[in-house]
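Trainee: You'll find structure.cif just under this line, and it carries mmCIF, C-alpha atoms.
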data_run
#
loop_
_atom_site.label_atom_id
_atom_site.label_comp_id
_atom_site.auth_asym_id
_atom_site.auth_seq_id
_atom_site.Cartn_x
_atom_site.Cartn_y
_atom_site.Cartn_z
CA MET A 1 -1.18 27.75 -83.64
CA SER A 2 0.28 26.34 -86.79
CA GLY A 3 3.54 25.42 -88.47
CA ASP A 4 6.70 25.01 -86.41
CA SER A 5 5.18 26.82 -83.43
CA ASP A 6 2.85 23.90 -82.71
CA ARG A 7 5.71 21.38 -82.40
CA ILE A 8 5.72 19.74 -79.01
CA LYS A 9 9.32 19.01 -78.13
CA SER A 10 8.51 17.07 -74.97
CA TRP A 11 6.34 14.69 -77.04
CA GLU A 12 9.16 14.29 -79.58
CA LYS A 13 11.55 13.47 -76.73
CA LEU A 14 9.13 10.85 -75.45
CA LEU A 15 8.97 9.25 -78.89
CA GLU A 16 12.75 9.39 -79.14
CA ALA A 17 13.05 7.65 -75.75
CA GLY A 18 10.73 4.92 -77.04
CA LEU A 19 12.84 4.45 -80.16
CA LYS A 20 16.01 4.34 -78.07
CA ALA A 21 14.43 1.52 -76.08
CA THR A 22 13.90 -0.46 -79.31
CA GLU A 23 16.48 -2.86 -80.73
CA HIS A 24 15.15 -2.85 -84.29
CA ASN A 25 13.93 0.52 -85.53
CA GLN A 26 11.80 -0.62 -88.47
CA ASP A 27 11.77 2.79 -90.17
CA GLU A 28 15.57 2.92 -90.14
CA GLU A 29 15.98 -0.69 -91.23
CA ALA A 30 13.51 -0.19 -94.08
CA LYS A 31 16.07 2.13 -95.72
CA MET A 32 18.54 -0.76 -95.88
CA TYR A 33 15.98 -3.46 -96.61
CA PRO A 34 13.19 -1.77 -98.61
CA LEU A 35 11.45 -5.05 -99.46
CA ARG A 36 11.13 -6.08 -95.83
CA LYS A 37 7.51 -5.83 -94.70
CA GLN A 38 6.95 -3.72 -91.59
CA PHE A 39 4.56 -4.84 -88.87
CA ARG A 40 2.92 -3.20 -85.89
CA PRO A 41 4.76 -4.13 -82.68
CA ALA A 42 2.72 -4.99 -79.58
CA ALA A 43 3.94 -1.89 -77.76
CA PRO A 44 3.70 1.44 -79.59
CA ASN A 45 6.93 3.47 -79.64
CA ILE A 46 5.36 6.44 -77.86
CA ALA A 47 4.34 4.25 -74.89
CA LYS A 48 7.59 2.31 -74.54
CA ALA A 49 9.38 4.69 -72.17
CA SER A 50 6.52 4.59 -69.65
CA LEU A 51 6.09 0.82 -70.05
CA LYS A 52 9.80 0.38 -69.35
CA ARG A 53 9.52 2.46 -66.18
CA ASP A 54 6.51 0.39 -65.14
CA PHE A 55 8.57 -2.80 -65.50
CA GLU A 56 11.46 -1.27 -63.53
CA VAL A 57 9.49 0.37 -60.73
CA GLY A 58 6.05 -1.24 -60.75
CA LEU A 59 4.57 2.21 -61.38
CA VAL A 60 4.89 4.79 -64.14
CA TYR A 61 6.87 7.42 -62.20
CA TYR A 62 10.06 7.16 -60.18
CA VAL A 63 10.28 8.54 -56.68
CA GLY A 64 13.79 9.99 -56.49
CA ASP A 65 15.50 12.41 -54.10
CA ASP A 66 13.64 15.46 -55.40
CA VAL A 67 10.23 13.82 -55.04
CA GLU A 68 11.16 12.52 -51.59
CA GLN A 69 12.01 16.06 -50.57
CA ASP A 70 8.67 17.36 -51.91
CA ARG A 71 6.79 14.63 -50.06
CA ALA A 72 8.53 15.52 -46.80
CA LEU A 73 7.64 19.20 -47.30
CA CYS A 74 3.99 18.16 -47.54
CA GLY A 75 4.20 16.19 -44.31
CA LEU A 76 4.35 12.71 -45.87
CA GLU A 77 6.72 9.78 -45.56
CA LYS A 78 9.49 10.22 -48.10
CA LYS A 79 8.70 6.94 -49.85
CA PRO A 80 5.06 6.05 -50.60
CA PRO A 81 3.93 2.61 -49.37
CA THR A 82 3.58 1.35 -52.94
CA ALA A 83 5.91 -0.88 -54.97
CA HIS A 84 8.38 2.02 -54.61
CA THR A 85 8.86 0.76 -51.04
CA PHE A 86 7.62 -2.81 -51.16
CA LYS A 87 9.96 -4.45 -53.63
CA GLU A 88 8.19 -7.78 -53.19
CA ALA A 89 5.17 -6.23 -54.96
CA LEU A 90 7.41 -5.36 -57.90
CA GLU A 91 8.86 -8.87 -57.89
CA ARG A 92 5.35 -10.34 -57.99
CA LYS A 93 4.48 -8.09 -60.92
CA ARG A 94 7.61 -9.14 -62.79
CA LYS A 95 6.86 -12.77 -62.14
CA ILE A 96 3.33 -12.37 -63.52
CA LEU A 97 4.66 -10.53 -66.58
CA GLU A 98 7.28 -13.20 -67.14
CA GLU A 99 5.35 -16.39 -66.38
CA SER A 100 2.17 -15.40 -68.20
CA GLY A 101 4.19 -14.77 -71.36
CA ILE A 102 3.41 -11.05 -71.56
CA MET A 103 7.08 -10.03 -71.61
CA LYS A 104 7.81 -12.48 -74.40
CA GLU A 105 4.85 -11.32 -76.47
CA LEU A 106 5.86 -7.70 -75.93
CA GLY A 107 9.39 -8.56 -76.94
CA PHE A 108 10.88 -6.89 -73.88
CA ASP A 109 14.34 -8.08 -72.86
CA LYS A 110 14.61 -7.29 -69.16
CA LYS A 111 18.37 -7.82 -69.05
CA LYS A 112 19.10 -5.42 -71.90
CA GLY A 113 16.19 -3.17 -70.92
CA TYR A 114 14.71 -2.70 -74.36
CA PHE A 115 12.05 -3.94 -76.74
CA LYS A 116 13.05 -6.08 -79.70
CA TYR A 117 10.62 -4.26 -82.03
CA MET R 1 -8.05 23.14 -37.69
CA GLY R 2 -11.84 22.72 -37.55
CA THR R 3 -13.71 20.88 -34.81
CA LYS R 4 -14.86 17.38 -35.65
CA VAL R 5 -18.64 17.26 -35.57
CA SER R 6 -18.77 13.50 -35.39
CA SER R 7 -16.17 10.76 -35.34
CA GLY R 8 -18.60 8.08 -36.49
CA SER R 9 -17.17 5.53 -38.91
CA THR R 10 -18.93 3.65 -41.67
CA GLY R 11 -17.41 0.39 -40.40
CA THR R 12 -15.55 -0.19 -43.64
CA LYS R 13 -11.78 -0.50 -43.84
CA TYR R 14 -10.72 1.67 -46.74
CA GLY R 15 -7.38 1.22 -48.55
CA TYR R 16 -6.42 4.32 -50.50
CA PHE R 17 -4.83 3.43 -53.82
CA LEU R 18 -2.21 6.07 -54.63
CA GLY R 19 -1.53 5.13 -58.23
CA CYS R 20 1.44 6.47 -60.18
CA VAL R 21 0.90 10.23 -60.40
CA MET R 22 -0.21 11.24 -56.91
CA PRO R 23 2.81 10.10 -54.86
CA ALA R 24 5.26 11.55 -57.38
CA LYS R 25 3.58 14.78 -58.44
CA MET R 26 0.74 15.62 -56.06
CA PRO R 27 1.95 15.09 -52.48
CA TRP R 28 -0.22 18.01 -51.33
CA ALA R 29 -3.30 16.18 -52.64
CA GLU R 30 -2.24 12.94 -50.94
CA LYS R 31 -1.80 14.70 -47.62
CA ALA R 32 -5.06 16.65 -47.94
CA THR R 33 -6.99 13.48 -48.79
CA PHE R 34 -5.75 11.84 -45.60
CA LEU R 35 -6.49 14.94 -43.49
CA VAL R 36 -10.06 15.05 -44.80
CA SER R 37 -10.69 11.32 -44.47
CA LYS R 38 -9.38 11.12 -40.91
CA HIS R 39 -11.27 14.30 -40.02
CA LEU R 40 -14.50 12.64 -41.14
CA GLY R 41 -13.78 9.60 -38.98
CA LEU R 42 -13.16 7.10 -41.76
CA ASP R 43 -11.08 3.96 -41.18
CA PHE R 44 -8.78 5.14 -43.95
CA ASP R 45 -5.23 4.00 -44.62
CA TYR R 46 -3.00 3.40 -47.61
CA MET R 47 -3.45 0.34 -49.76
CA LYS R 48 0.07 -0.98 -49.34
CA GLU R 49 2.15 -2.92 -51.89
CA SER R 50 0.18 -1.48 -54.80
CA VAL R 51 1.44 -1.40 -58.40
CA CYS R 52 0.25 0.58 -61.44
CA CYS R 53 -3.52 0.14 -61.99
CA VAL R 54 -2.51 -0.72 -64.98
CA ARG R 55 -3.46 2.12 -67.30
CA PRO R 56 -6.48 0.84 -69.22
CA GLY R 57 -5.95 3.34 -72.03
CA VAL R 58 -2.63 1.72 -72.81
CA TRP R 59 -2.95 -1.90 -71.72
CA LYS R 60 -6.49 -2.55 -72.90
CA ALA R 61 -5.44 -1.27 -76.31
CA ILE R 62 -2.43 -3.61 -76.34
CA ASN R 63 -4.23 -6.69 -75.04
CA PRO R 64 -7.39 -6.81 -72.86
CA ASP R 65 -6.39 -10.12 -71.23
CA TRP R 66 -3.03 -8.68 -70.18
CA TRP R 67 -4.83 -5.68 -68.71
CA LEU R 68 -7.13 -8.03 -66.75
CA THR R 69 -4.19 -10.06 -65.47
CA LEU R 70 -2.04 -7.13 -64.40
CA THR R 71 -4.90 -5.16 -62.84
CA SER R 72 -5.91 -8.22 -60.87
CA GLN R 73 -2.65 -8.08 -58.91
CA ASN R 74 -4.06 -5.06 -57.06
CA LEU R 75 -7.42 -6.77 -56.49
CA ALA R 76 -5.66 -9.81 -55.04
CA THR R 77 -3.47 -7.61 -52.83
CA ALA R 78 -6.52 -5.74 -51.55
CA GLU R 79 -8.21 -9.03 -50.70
CA LYS R 80 -5.20 -10.08 -48.66
CA GLN R 81 -5.33 -6.78 -46.79
CA ASN R 82 -9.09 -7.09 -46.27
CA ILE R 83 -9.78 -3.60 -47.59
CA VAL R 84 -12.09 -1.83 -49.99
CA ILE R 85 -9.96 -0.15 -52.68
CA VAL R 86 -10.53 3.60 -52.82
CA ASP R 87 -9.45 5.41 -55.98
CA SER R 88 -9.56 9.14 -56.52
CA CYS R 89 -7.86 8.89 -59.91
CA ASN R 90 -10.63 8.17 -62.40
CA GLY R 91 -8.32 6.06 -64.55
CA CYS R 92 -7.34 3.84 -61.62
CA TYR R 93 -11.00 3.61 -60.57
CA ILE R 94 -12.19 2.55 -63.99
CA SER R 95 -9.38 0.00 -64.33
CA HIS R 96 -10.05 -1.64 -60.96
CA TRP R 97 -13.84 -1.38 -61.17
CA GLU R 98 -14.19 -2.68 -64.72
CA CYS R 99 -11.71 -5.46 -64.06
CA LEU R 100 -13.66 -6.57 -60.99
CA GLN R 101 -16.97 -6.46 -62.90
CA GLU R 102 -15.55 -8.44 -65.80
CA LEU R 103 -14.14 -11.11 -63.50
CA LYS R 104 -17.50 -11.36 -61.70
CA GLU R 105 -19.34 -11.79 -64.99
CA ASP R 106 -16.94 -14.10 -66.80
CA PRO R 107 -15.76 -17.25 -64.95
CA GLU R 108 -13.40 -18.14 -67.80
CA LYS R 109 -11.60 -14.83 -67.47
CA LEU R 110 -11.41 -15.29 -63.72
CA GLU R 111 -9.85 -18.70 -64.23
CA MET R 112 -7.36 -17.29 -66.75
CA VAL R 113 -6.40 -14.46 -64.39
CA ASN R 114 -5.95 -16.79 -61.43
CA ARG R 115 -3.79 -19.12 -63.52
CA ASN R 116 -1.46 -16.17 -64.15
CA LEU R 117 -1.59 -14.78 -60.60
CA GLU R 118 -0.93 -18.18 -59.08
CA LYS R 119 2.65 -18.02 -60.35
CA ALA R 120 3.22 -15.06 -58.03
CA GLY R 121 1.39 -16.68 -55.12
CA LEU R 122 -1.75 -14.56 -55.56
CA GLN R 123 -5.40 -15.29 -56.14
CA VAL R 124 -8.57 -13.29 -56.76
CA THR R 125 -11.69 -14.54 -54.98
CA LEU R 126 -13.80 -11.45 -55.78
CA SER R 127 -14.20 -10.62 -52.09
CA THR R 128 -13.05 -7.01 -52.34
CA ASP R 129 -14.89 -3.94 -53.57
CA VAL R 130 -13.75 -0.87 -55.50
CA LYS R 131 -15.02 2.62 -54.71
CA HIS R 132 -14.33 6.09 -55.99
CA PHE R 133 -13.35 8.59 -53.29
CA LEU R 134 -16.38 10.69 -54.30
CA GLN R 135 -18.58 7.69 -53.51
CA VAL R 136 -16.99 7.19 -50.11
CA LEU R 137 -17.56 10.82 -49.20
CA TYR R 138 -21.04 11.24 -50.61
CA GLU R 139 -22.60 7.82 -50.09
CA ASP R 140 -20.77 6.54 -47.00
CA VAL R 141 -20.08 9.76 -45.10
CA GLY R 142 -22.95 11.84 -46.43
CA ILE R 143 -23.23 15.42 -47.59
CA GLY R 144 -24.86 16.45 -44.29
CA LYS R 145 -21.82 15.45 -42.27
CA ILE R 146 -19.49 17.09 -44.76
CA LYS R 147 -21.44 20.35 -44.56
CA ALA R 148 -21.44 20.15 -40.78
CA ASN R 149 -17.63 20.02 -40.79
CA VAL R 150 -17.20 23.12 -42.95
CA VAL R 151 -15.99 25.80 -40.55
CA LYS R 152 -14.31 28.11 -43.01
CA PRO R 153 -16.43 28.55 -46.13
CA LEU R 154 -14.31 29.36 -49.17
CA ASN R 155 -15.28 32.57 -50.87
CA ILE R 156 -13.71 31.65 -54.18
CA ARG R 157 -14.78 31.05 -57.79
CA ILE R 158 -13.66 27.79 -59.34
CA MET R 159 -13.84 26.00 -62.64
CA ARG R 160 -13.98 22.24 -62.36
CA HIS R 161 -12.71 19.35 -64.41
CA ILE R 162 -14.33 16.15 -63.23
CA GLY R 163 -12.94 13.88 -65.95
CA CYS R 164 -14.42 11.46 -68.46
CA HIS R 165 -14.15 8.23 -66.48
CA ALA R 166 -16.01 9.81 -63.56
CA ARG R 167 -19.02 9.78 -65.89
CA LYS R 168 -19.04 6.00 -66.00
CA HIS R 169 -22.20 5.89 -63.89
CA ASP R 170 -23.99 8.72 -65.70
CA GLU R 171 -24.04 11.98 -63.78
CA ARG R 172 -23.80 10.43 -60.30
CA PHE R 173 -20.13 11.19 -59.56
CA PRO R 174 -20.16 14.64 -61.22
CA MET R 175 -23.15 15.50 -59.03
CA TYR R 176 -21.23 14.33 -55.94
CA PHE R 177 -18.25 16.43 -56.98
CA ASP R 178 -20.34 19.56 -57.47
CA GLU R 179 -22.36 19.18 -54.28
CA ILE R 180 -19.26 18.61 -52.17
CA MET R 181 -17.44 21.53 -53.77
CA ARG R 182 -20.46 23.78 -53.19
CA ALA R 183 -20.53 22.61 -49.57
CA THR R 184 -17.06 24.16 -49.16
CA GLY R 185 -18.58 27.51 -50.07
CA ALA R 186 -16.86 27.66 -53.45
CA THR R 187 -18.84 29.01 -56.39
CA ILE R 188 -18.64 26.79 -59.45
CA VAL R 189 -18.52 28.71 -62.72
CA ASP R 190 -20.00 26.68 -65.58
CA THR R 191 -18.29 26.87 -68.96
CA PRO R 192 -18.81 25.09 -72.30
CA TYR R 193 -15.55 23.17 -71.70
CA ASP R 194 -16.39 21.47 -68.41
CA LYS R 195 -17.04 18.09 -70.01
CA THR R 196 -14.20 18.31 -72.51
CA CYS R 197 -11.66 15.53 -72.01
CA CYS R 198 -8.26 16.50 -70.54
CA GLY R 199 -6.66 14.82 -73.55
CA LEU R 200 -4.46 12.43 -71.59
CA LEU R 201 -5.23 9.38 -73.71
CA LEU R 202 -5.14 11.46 -76.87
CA TYR R 203 -1.64 12.74 -76.05
CA PHE R 204 0.19 9.69 -77.39
CA ALA R 205 -1.58 9.82 -80.76
CA ASP R 206 -2.28 13.52 -81.29
CA PRO R 207 -0.29 15.70 -78.88
CA LYS R 208 -1.21 18.99 -80.55
CA THR R 209 -4.96 18.55 -80.18
CA SER R 210 -4.43 17.08 -76.73
CA ILE R 211 -2.45 20.07 -75.45
CA PHE R 212 -3.80 23.05 -77.36
CA GLU R 213 -7.45 22.12 -77.92
CA ARG R 214 -8.08 20.48 -74.57
CA ILE R 215 -6.10 21.95 -71.67
CA GLY R 216 -5.14 25.09 -73.60
CA VAL R 217 -8.79 26.01 -74.17
CA LYS R 218 -9.69 25.27 -70.57
CA MET R 219 -6.84 27.29 -69.07
CA GLN R 220 -7.45 30.20 -71.44
CA THR R 221 -11.11 30.24 -70.36
CA ALA R 222 -10.08 30.21 -66.70
CA LYS R 223 -7.86 33.20 -67.40
CA GLU R 224 -10.57 35.13 -69.22
CA LEU R 225 -13.07 34.49 -66.43
CA ASP R 226 -10.52 35.41 -63.73
CA ILE R 227 -11.11 32.14 -61.90
CA ASP R 228 -9.42 31.63 -58.50
CA ALA R 229 -8.66 27.92 -58.97
CA TYR R 230 -9.19 25.03 -61.33
CA ALA R 231 -10.44 22.09 -59.25
CA LEU R 232 -10.07 18.46 -60.24
CA ILE R 233 -9.99 15.08 -58.55
CA CYS R 234 -8.33 12.75 -61.07
CA SER R 235 -4.55 12.31 -60.89
CA GLY R 236 -4.41 11.21 -64.53
CA CYS R 237 -6.13 14.44 -65.58
CA TYR R 238 -3.78 16.40 -63.32
CA ASP R 239 -0.81 14.80 -65.05
CA GLN R 240 -2.12 16.08 -68.37
CA PHE R 241 -2.90 19.56 -66.98
CA GLU R 242 0.64 19.77 -65.60
CA ARG R 243 2.16 18.51 -68.85
CA ALA R 244 0.21 21.06 -70.90
CA VAL R 245 0.98 23.95 -68.57
CA LYS R 246 4.69 23.10 -68.84
CA VAL R 247 4.52 22.85 -72.64
CA TYR R 248 2.92 26.30 -72.79
CA LYS R 249 5.41 27.77 -70.34
CA ASP R 250 8.67 26.09 -71.39
CA GLU R 251 8.07 25.69 -75.13
CA LYS R 252 5.68 28.49 -76.03
CA GLY R 253 6.50 31.18 -73.46
CA ILE R 254 2.90 31.41 -72.24
CA ALA R 255 2.44 31.31 -68.47
CA PHE R 256 -1.02 30.52 -67.17
CA GLU R 257 -1.77 31.77 -63.67
CA THR R 258 -4.85 29.84 -62.53
CA PRO R 259 -3.67 27.26 -59.98
CA ILE R 260 -4.77 23.68 -60.53
CA VAL R 261 -5.93 22.32 -57.19
CA HIS R 262 -7.17 18.99 -55.94
CA PHE R 263 -10.72 18.56 -54.65
CA SER R 264 -9.34 17.38 -51.26
CA GLU R 265 -7.30 20.55 -50.82
CA LEU R 266 -10.41 22.73 -51.02
CA LEU R 267 -12.27 20.40 -48.69
CA ALA R 268 -9.39 20.48 -46.18
CA LEU R 269 -9.27 24.28 -46.29
CA SER R 270 -13.00 24.51 -45.65
CA PHE R 271 -12.59 22.15 -42.68
CA GLY R 272 -10.22 24.72 -41.20
CA TYR R 273 -6.85 23.26 -42.19
CA LYS R 274 -4.20 25.72 -43.30
CA PRO R 275 -2.38 25.53 -46.66
CA GLU R 276 0.85 24.69 -44.80
CA ASP R 277 -0.82 21.66 -43.16
CA PHE R 278 -0.62 19.84 -46.50
CA GLY R 279 2.13 21.74 -48.31
CA MET R 280 -0.20 23.51 -50.71
CA MET R 281 2.52 25.93 -51.81
CA TYR R 282 5.07 23.33 -52.85
CA CYS R 283 5.98 21.51 -56.05
CA ARG R 284 3.36 22.63 -58.53
CA PRO R 285 3.72 24.27 -61.93
CA ILE R 286 1.47 27.21 -61.02
CA PRO R 287 1.96 28.33 -57.41
CA PRO R 288 -1.36 29.10 -55.68
CA THR R 289 0.07 32.26 -54.08
CA LYS R 290 -2.83 34.54 -55.00
CA LEU R 291 -5.38 31.95 -53.94
CA ILE R 292 -3.73 31.43 -50.55
CA GLN R 293 -3.52 35.19 -50.04
CA LYS R 294 -7.19 35.58 -50.89
CA LEU R 295 -8.16 32.84 -48.46
CA LYS R 296 -6.01 34.36 -45.70
CA GLU R 297 -7.55 37.77 -46.20
CA GLY R 298 -10.98 36.17 -46.25
CA LYS R 299 -12.00 38.25 -49.24
#
The structure given in the file should be rewritten as structure tokens.

Mentor:
Amino acid sequence: MSGDSDRIKSWEKLLEAGLKATEHNQDEEAKMYPLRKQFRPAAPNIAKASLKRDFEVGLVYYVGDDVEQDRALCGLEKKPPTAHTFKEALERKRKILEESGIMKELGFDKKKGYFKY
Amino acid sequence: MGTKVSSGSTGTKYGYFLGCVMPAKMPWAEKATFLVSKHLGLDFDYMKESVCCVRPGVWKAINPDWWLTLTSQNLATAEKQNIVIVDSCNGCYISHWECLQELKEDPEKLEMVNRNLEKAGLQVTLSTDVKHFLQVLYEDVGIGKIKANVVKPLNIRIMRHIGCHARKHDERFPMYFDEIMRATGATIVDTPYDKTCCGLLLYFADPKTSIFERIGVKMQTAKELDIDAYALICSGCYDQFERAVKVYKDEKGIAFETPIVHFSELLALSFGYKPEDFGMMYCRPIPPTKLIQKLKEGK
């Protein structure tokens, strides 16, 4: 495949979601401030959406109503016994992220829910 | 359901680590894994309170010390629950296993990790172990006992994708995979693409190669060879297979028909469980209708 036919829209959406979760889009700002030197942020744009979910849930994927229904159809408990259910596990993870300085280094603002860069 | 040949246990308390993909996208695999494990008499339960492994492909690239710290939360939780962590996702296995090895070999890293975990009331003492599900079945249960529990041999032809991280210990895990799959009666068809990566880690950087030259080539080969099912064990690889199949279907108008099945599903079927016992027909991008029909007709 070549040309426009090999575009992967779902990948482009993922990148877009990462950029939406970024306060300062360096490519955009470079148009206004062409002399400003760009740098590589700790978290790549393409990975930001999944990192954000990880910080919110403790795992990369949500378990919503549709997934709960699928799980029940397969004979499982609706909620898996992971951090999806045990919120204290998520709290511990957030505490580790916060106290060890990882969040700060990543530039993730948990209140606003986005990365600075 | 098949008759249990022996209910003997290995004496180990196993905690199954679900990871991110399985509970959200592969409930049929989760259920089948539990059916098989209980059937074989293992002391097998969920590892509770688990968080993301965390993905080594992402976190190690960002900062190896952060990866060590975050992965250690699961090791510390497993220690508290007095369990051996069992991973069937190769990515989760490699994250937990390599983290444990590194902490065993480097006291300074262990100290650093414990300094960070302490803030959440956790500690790693290195008292747990990490095993791949293939290891549990082949080394702890044994191929003889698995074969003895096969009551409904599967007369099907499969392609298999074992995954890159399952090759961590040379060809040991791939050999376990193949022997166990052959024990179900399935015929494994070898192709030049069996060792090709699923492209999951490549997806972020080069989605076109990742989709079209990895999964695309594999699924096209399965179609040409008229394979009954594509068997895999790794949830991370499944995630990429599912993603690629959806890209082909939704964005390119190409619908592949070979169902992507989990290793445990085929094992459960060969033990005499029915597809409806683990919801085999639900929530998957390629319904295994033809496969189920073939198995029912015993062709």

Trainee: Give me, as CSV, each residue of chain A that comes within 6 Å of chain R, together with its shortest interatomic pair and the distance in Å at one decimal, counting all atoms listed in the file, with rows ordered by chain and rising residue number.

Mentor:
residue,atom,partner,partner_atom,distance
A:Gly58,CA,R:Val51,CA,5.2
A:Leu59,CA,R:Cys52,CA,4.6
A:Val60,CA,R:Cys20,CA,5.5
A:Tyr61,CA,R:Cys20,CA,5.9
A:Val63,CA,R:Ala24,CA,5.9
A:Val67,CA,R:Ala24,CA,5.9
A:Arg71,CA,R:Pro27,CA,5.4
A:Cys74,CA,R:Gly279,CA,4.1
A:Pro81,CA,R:Lys48,CA,5.3
A:Thr82,CA,R:Glu49,CA,4.6
A:Ala83,CA,R:Glu49,CA,5.3
A:Phe86,CA,R:Glu49,CA,5.5
A:Ala89,CA,R:Glu49,CA,5.4
A:Arg92,CA,R:Ala120,CA,5.2
A:Lys95,CA,R:Ala120,CA,5.9
A:Ser100,CA,R:Asn116,CA,5.5

Trainee: Choose the residue, out of A:Lys111, A:Gly75, A:Ile46, A:Asp65, that has the smallest atom-to-atom separation from Glu12 in chain A; count all atoms listed in the file.

Mentor: A:Ile46

Trainee: Any idea what's packed within 12 Å of Asp140 in chain R, counting all atoms listed in the file, ignoring anything in its chain fewer than 3 positions away? Could you give it as number ranges by chain?

Mentor: R: 8-14, 37, 40-43, 131-137, 143-146, 176

Trainee: Go through R:Ile233, R:Val130, R:Ile158, R:Val84 and flag the residue nearest Phe177 in chain R, using all atoms listed in the file for the distances.

Mentor: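 Looking only at the distances to Phe177 in chain R, the closest residue turns out to be R:Ile233.
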
Trainee: Can you list what the PyMOL selection byres ((chain R and resi 101) around 12) grabs from this structure, as a PyMOL selection string?

Mentor: chain R and resi 68+72+75+93-100+102-107+109-110+126-130

Trainee: So that all listed atoms of range 72-86 of chain A fit with 6 Å spare on each side, what axis-aligned box centre and edge lengths in Å, to one decimal, would you give as JSON?

Mentor:
{"center_x": 6.5, "center_y": 8.2, "center_z": -49.6, "size_x": 17.9, "size_y": 34.0, "size_z": 22.7}

Trainee: With 8 Å as the threshold, what does the neighbourhood of (-8.5, 17.8, -62.9) contain in terms of residues, counting only C-alpha atoms? Coordinates are those of the file; answer as a list in words.

Mentor: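 In the file's frame, the residues around the point are Arg160, His161, Ile162, Gly163, Cys198, Tyr230, Ala231, Leu232, Ile233, Cys234, Ser235, Gly236, Cys237, Tyr238, Phe241, Ile260, Val261 and His262 of chain R.
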
Trainee: If you apply the PyMOL selection byres ((chain A and resi 18) around 6) to this file, what residues do you get, as a PyMOL selection string?

Mentor: chain A and resi 15-17+19-21+45-46+48-49

Trainee: Spell out the residues picked by the PyMOL selection byres ((chain R and resi 259) around 6) here, as a list in words.

Mentor: Ala229, Thr258, Ile260, Ile286 and Pro288 of chain R

Trainee: So which one's closest to Gly113 in chain A, A:Leu51, A:Met32, A:Ala43, A:Ile8? Using all atoms listed in the file, please.

Mentor: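 Of the candidates, the smallest distance to Gly113 in chain A is held by A:Leu51.
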
Trainee: Give me the residues within 10 Å of range 106-110 of chain A as a VMD selection string, counting all atoms listed in the file and dropping any in the same chain fewer than 6 places off.

Mentor: (chain A and resid 21 to 23 41 to 43 48 51 to 52 55 to 56 94 97 to 98 116 to 117) or (chain R and resid 62)
